[in-house]
Amino acid sequence: MIDVALPNTRPTSSPHVAEFITRVLERLKPLTSEPEIHNHVHEENTQETDERTQAVKLLKTVLKWLMASAGRTFTTPVQQQLQLLPLLFKIAPVEIDENYDEMKQDARTCLSLMSQGLLYPEHIPLVLAALEEMAGSRSWHARFSVLTYLQIMVFYNLFTLLSVPAEVLRIRTLVMQLLLDEQLEVRDMAGTTLSGLLQCQFFPLDSSLQTQLQTLSQTRLPKARGELASTDLVRRHAGVLGLSACILSSPYDVPDWMPQILMDLSDHLNDPQPIEMTVKKTLSEFRRTHHDNWQEHRQCFTDDQLLVLTDLLVSPCYYA
């Protein structure tokens with residue numbers, strides 16, 4: 001019985017989740033303060049090492065408790081659990097140290113369950129604050145996990161989130177930030193996330209978003225190699241990924257904006273990798289999903305656009 005007040009009775013005096021989480025976080029400080037968490041027990045029996053060892057042991061227990069409670073609808077006391085989100089994002093993506101596997105799997109399970117929890121409007125800023133914090137993590141695995149968590153959280157709380165337009169804007173900003181990530185895997189997942197959010201109409205494909213994506217896709221690539229060239233390539237690829245997400249968000253129809261975006265994508269077919277591969281995958285998926293009703297869909301294109309599209313889908317370079 002935690003934080004329960006039954007009719008005609010006095011509230012329970014203990015335990016209280018808020019107080020419990022506060023004490024837990026205090027004892028987990030050795031883990032929250034260091035950039036990477038290690039599960040090694042050093043031979044030197046220093047006080048600092050002992051504190052980390054005890055914190056790791058406590059965390060293993062806390063994860064079991066979270067797995068039992070994280071999937072429930074968040075109530076006012078249980079919102080304190082959200083304070084553990086940054087710690088979960090830190091340990092879930094760790095790929096080293098075999099002794100860490102069980103804790104890593106437990107953390108991933110907790111994140112999965114918590115992403116499926118039903119949120120009240122007052123809890124949404126707490127979750128987004130944790131996601132925004134981890135979006136700036138040095139670990140690309142953590143940034144990748146932010147997107148997988150975000151997808152599930154949005155779909156389970158779609159109508160609640162849509163009732164808070166300011167938070168919808170924060171999510172859009174977060175996805176666009178990760179679309180520009182330096183790590184290819186994170187950019188690809190951000191494109192997949194953007195496509196899903198557009199498909200469920202979480203936010204509209206308005207002119208401002210199209211303009212933003214087209215501007216990114218038109219980033220010029222200097223001939224000189226170096227950090228600047230790499231940054232420009234990331235921005236150009238982010239724009240192409242965003243345009244691809246628009247195409248993939250409408251798999252069985254052809255909205256008014258789609259023909260022009262397809263033409264814009266065709267301009268990048270000879271771009272350096274990974275842009276070229278992104279364009280080819282998008283065209284392949286478009287061809288697959290629109291094949292059955294193509295005689296109807298082709299009416300949405302002009303003659304010139306059909307010539308370009310036909311050349312793209314059947315030319316030798318498409319299958320290269």
# chains A, B, ... in the order shown; residues from 1 in each chain; ligands from 1
$ residues_around --residues "Thr278 of chain A" --least-positions-apart "4" --cutoff "10 Å" --atoms "only C-alpha atoms" --output "ChimeraX atom specification"
/A:188,237,240-241,244,265,268-269,273-274,282-284
$ write_last_selection --atoms "C-alpha atoms" --output "short mmCIF file (atom, residue, chain, number, x, y, z; two decimals), in the first residue's frame"
data_model
loop_
_atom_site.label_atom_id
_atom_site.label_comp_id
_atom_site.auth_asym_id
_atom_site.auth_seq_id
_atom_site.Cartn_x
_atom_site.Cartn_y
_atom_site.Cartn_z
CA ASP A 188 18.02 7.63 -39.65
CA HIS A 237 21.49 14.54 -45.42
CA VAL A 240 16.93 14.65 -47.54
CA LEU A 241 15.90 12.41 -44.63
CA SER A 244 11.97 11.19 -47.40
CA LEU A 265 14.58 14.16 -53.96
CA HIS A 268 20.00 14.21 -54.86
CA LEU A 269 20.31 10.83 -56.55
CA GLN A 273 26.71 8.63 -49.51
CA PRO A 274 24.70 8.24 -47.34
CA THR A 282 12.74 6.15 -50.52
CA LEU A 283 12.06 5.70 -54.24
CA SER A 284 11.99 1.93 -53.81
#
$ residues_around --residues "Met263 of chain A" --least-positions-apart "3" --cutoff "9 Å" --atoms "only C-alpha atoms" --output "JSON, numbers by chain"
{"A": [258, 259, 260, 266, 267, 305, 308, 309]}
$ write_last_selection --atoms "N, CA and C atoms" --output "PDB file, in the first residue's frame"
ATOM      1  N   MET A 258       3.242  16.000 -52.606  1.00  0.00           N
ATOM      2  CA  MET A 258       4.165  14.891 -52.841  1.00  0.00           C
ATOM      3  C   MET A 258       4.909  14.957 -54.175  1.00  0.00           C
ATOM      4  N   PRO A 259       4.263  15.270 -55.301  1.00  0.00           N
ATOM      5  CA  PRO A 259       5.016  15.277 -56.573  1.00  0.00           C
ATOM      6  C   PRO A 259       6.241  16.183 -56.536  1.00  0.00           C
ATOM      7  N   GLN A 260       6.102  17.381 -55.983  1.00  0.00           N
ATOM      8  CA  GLN A 260       7.232  18.305 -55.966  1.00  0.00           C
ATOM      9  C   GLN A 260       8.347  17.795 -55.056  1.00  0.00           C
ATOM     10  N   SER A 266      14.790  13.725 -56.328  1.00  0.00           N
ATOM     11  CA  SER A 266      15.485  13.218 -57.516  1.00  0.00           C
ATOM     12  C   SER A 266      16.766  13.999 -57.793  1.00  0.00           C
ATOM     13  N   ASP A 267      16.823  15.245 -57.334  1.00  0.00           N
ATOM     14  CA  ASP A 267      18.022  16.057 -57.546  1.00  0.00           C
ATOM     15  C   ASP A 267      19.212  15.560 -56.728  1.00  0.00           C
ATOM     16  N   GLN A 305       6.778  15.602 -64.805  1.00  0.00           N
ATOM     17  CA  GLN A 305       7.098  14.887 -63.560  1.00  0.00           C
ATOM     18  C   GLN A 305       7.043  13.381 -63.778  1.00  0.00           C
ATOM     19  N   VAL A 308      10.281  12.229 -65.456  1.00  0.00           N
ATOM     20  CA  VAL A 308      11.395  12.160 -64.503  1.00  0.00           C
ATOM     21  C   VAL A 308      11.237  10.955 -63.593  1.00  0.00           C
ATOM     22  N   LEU A 309      10.024  10.758 -63.080  1.00  0.00           N
ATOM     23  CA  LEU A 309       9.790   9.666 -62.146  1.00  0.00           C
ATOM     24  C   LEU A 309       9.968   8.312 -62.808  1.00  0.00           C
TER      25      LEU A 309
END
$ residues_around --residues "Phe286 of chain A" --least-positions-apart "2" --cutoff "12 Å" --atoms "only C-alpha atoms" --output "ChimeraX atom specification"
/A:244-254,258-259,262,265,279-284,288-294,297,309,312-313
$ closest_atom_pairs --of "segment 75-181 of chain A" --to "segment 205-216 of chain A" --cutoff "12 Å" --atoms "only C-alpha atoms" --output "tab-separated table"
residue	atom	partner	partner_atom	distance
A:Leu169	CA	A:Leu209	CA	11.8
A:Arg172	CA	A:Leu209	CA	9.8
A:Thr173	CA	A:Leu209	CA	10.8
A:Met176	CA	A:Leu213	CA	9.4
A:Leu179	CA	A:Leu213	CA	10.3
A:Leu180	CA	A:Leu216	CA	9.5
$ closest_residue --among "A:Leu31, A:Leu150, A:Leu184, A:Val234" --to "Gln116 of chain A" --atoms "only C-alpha atoms"
A:Leu150
$ select_by_dssp --residues "segment 177-257 of chain A" --states "alpha helix (DSSP H)" --output "PyMOL selection string"
chain A and resi 177-179+184-199+207-217+227-248
$ residues_around --residues "Met103 of chain A" --least-positions-apart "6" --cutoff "9 Å" --atoms "only C-alpha atoms" --output "list in words"
Leu59, Lys60, Leu63, Ile91 and Ala92 of chain A
$ residues_around --residues "segment 134-146 of chain A" --least-positions-apart "3" --cutoff "8 Å" --atoms "only C-alpha atoms" --output "list in words"
Pro86, Phe89, Lys90, Ala92, Pro93, Val94, Ala130, Leu131, Tyr149, Leu150, Leu174, Leu178, Gln183, Glu185, Val186 and Met189 of chain A
$ write_last_selection --atoms "N, CA, C and O atoms" --output "PDB file, in the first residue's frame"
ATOM      1  N   PRO A  86      16.675  10.093 -16.662  1.00  0.00           N
ATOM      2  CA  PRO A  86      18.026  10.331 -17.177  1.00  0.00           C
ATOM      3  C   PRO A  86      18.996   9.204 -16.841  1.00  0.00           C
ATOM      4  O   PRO A  86      19.852   8.845 -17.670  1.00  0.00           O
ATOM      5  N   PHE A  89      18.319   6.244 -19.182  1.00  0.00           N
ATOM      6  CA  PHE A  89      18.844   6.502 -20.519  1.00  0.00           C
ATOM      7  C   PHE A  89      20.363   6.380 -20.548  1.00  0.00           C
ATOM      8  O   PHE A  89      20.944   6.087 -21.580  1.00  0.00           O
ATOM      9  N   LYS A  90      20.990   6.609 -19.414  1.00  0.00           N
ATOM     10  CA  LYS A  90      22.447   6.535 -19.369  1.00  0.00           C
ATOM     11  C   LYS A  90      22.941   5.091 -19.398  1.00  0.00           C
ATOM     12  O   LYS A  90      23.942   4.771 -20.027  1.00  0.00           O
ATOM     13  N   ALA A  92      20.973   2.202 -20.195  1.00  0.00           N
ATOM     14  CA  ALA A  92      20.323   1.291 -21.143  1.00  0.00           C
ATOM     15  C   ALA A  92      21.145   1.026 -22.401  1.00  0.00           C
ATOM     16  O   ALA A  92      21.191  -0.104 -22.878  1.00  0.00           O
ATOM     17  N   PRO A  93      21.816   2.053 -22.988  1.00  0.00           N
ATOM     18  CA  PRO A  93      22.520   1.799 -24.241  1.00  0.00           C
ATOM     19  C   PRO A  93      23.957   1.323 -24.106  1.00  0.00           C
ATOM     20  O   PRO A  93      24.639   1.175 -25.113  1.00  0.00           O
ATOM     21  N   VAL A  94      24.447   1.098 -22.888  1.00  0.00           N
ATOM     22  CA  VAL A  94      25.847   0.719 -22.712  1.00  0.00           C
ATOM     23  C   VAL A  94      26.119  -0.595 -23.435  1.00  0.00           C
ATOM     24  O   VAL A  94      25.399  -1.570 -23.275  1.00  0.00           O
ATOM     25  N   ALA A 130      13.458  15.432 -19.484  1.00  0.00           N
ATOM     26  CA  ALA A 130      14.419  14.332 -19.420  1.00  0.00           C
ATOM     27  C   ALA A 130      14.890  13.940 -20.816  1.00  0.00           C
ATOM     28  O   ALA A 130      16.081  13.675 -21.036  1.00  0.00           O
ATOM     29  N   LEU A 131      13.975  13.925 -21.787  1.00  0.00           N
ATOM     30  CA  LEU A 131      14.350  13.572 -23.157  1.00  0.00           C
ATOM     31  C   LEU A 131      15.280  14.623 -23.759  1.00  0.00           C
ATOM     32  O   LEU A 131      16.253  14.291 -24.453  1.00  0.00           O
ATOM     33  N   TYR A 149      12.047   5.810 -27.391  1.00  0.00           N
ATOM     34  CA  TYR A 149      11.148   6.108 -26.275  1.00  0.00           C
ATOM     35  C   TYR A 149      10.076   7.101 -26.723  1.00  0.00           C
ATOM     36  O   TYR A 149       8.881   6.930 -26.427  1.00  0.00           O
ATOM     37  N   LEU A 150      10.483   8.130 -27.451  1.00  0.00           N
ATOM     38  CA  LEU A 150       9.562   9.186 -27.871  1.00  0.00           C
ATOM     39  C   LEU A 150       8.455   8.642 -28.760  1.00  0.00           C
ATOM     40  O   LEU A 150       7.283   9.027 -28.617  1.00  0.00           O
ATOM     41  N   LEU A 174      12.631  18.845 -30.852  1.00  0.00           N
ATOM     42  CA  LEU A 174      13.532  17.773 -30.438  1.00  0.00           C
ATOM     43  C   LEU A 174      13.840  16.829 -31.596  1.00  0.00           C
ATOM     44  O   LEU A 174      14.998  16.440 -31.813  1.00  0.00           O
ATOM     45  N   LEU A 178      17.547  16.122 -33.468  1.00  0.00           N
ATOM     46  CA  LEU A 178      18.183  14.824 -33.652  1.00  0.00           C
ATOM     47  C   LEU A 178      18.292  14.450 -35.131  1.00  0.00           C
ATOM     48  O   LEU A 178      19.107  13.609 -35.497  1.00  0.00           O
ATOM     49  N   GLN A 183      25.660  11.523 -35.773  1.00  0.00           N
ATOM     50  CA  GLN A 183      25.705  10.068 -35.938  1.00  0.00           C
ATOM     51  C   GLN A 183      24.642   9.617 -36.934  1.00  0.00           C
ATOM     52  O   GLN A 183      23.464   9.951 -36.811  1.00  0.00           O
ATOM     53  N   GLU A 185      23.178   6.720 -37.503  1.00  0.00           N
ATOM     54  CA  GLU A 185      22.087   5.899 -36.968  1.00  0.00           C
ATOM     55  C   GLU A 185      21.022   6.755 -36.289  1.00  0.00           C
ATOM     56  O   GLU A 185      19.823   6.467 -36.371  1.00  0.00           O
ATOM     57  N   VAL A 186      21.456   7.812 -35.606  1.00  0.00           N
ATOM     58  CA  VAL A 186      20.506   8.697 -34.927  1.00  0.00           C
ATOM     59  C   VAL A 186      19.698   9.477 -35.959  1.00  0.00           C
ATOM     60  O   VAL A 186      18.473   9.630 -35.820  1.00  0.00           O
ATOM     61  N   MET A 189      17.031   7.188 -37.450  1.00  0.00           N
ATOM     62  CA  MET A 189      15.914   6.970 -36.534  1.00  0.00           C
ATOM     63  C   MET A 189      15.064   8.230 -36.392  1.00  0.00           C
ATOM     64  O   MET A 189      13.837   8.145 -36.261  1.00  0.00           O
TER      65      MET A 189
END
$ atom_distance --atom1 "atom CA of Gln218 of chain A" --atom2 "atom CA of Gly196 of chain A"
23.8 Å
$ atom_distance --atom1 "atom CA of Pro255 of chain A" --atom2 "atom CA of Gln201 of chain A"
13.6 Å
$ atom_distance --atom1 "atom CA of Gln105 of chain A" --atom2 "atom CA of Gln177 of chain A"
27.3 Å
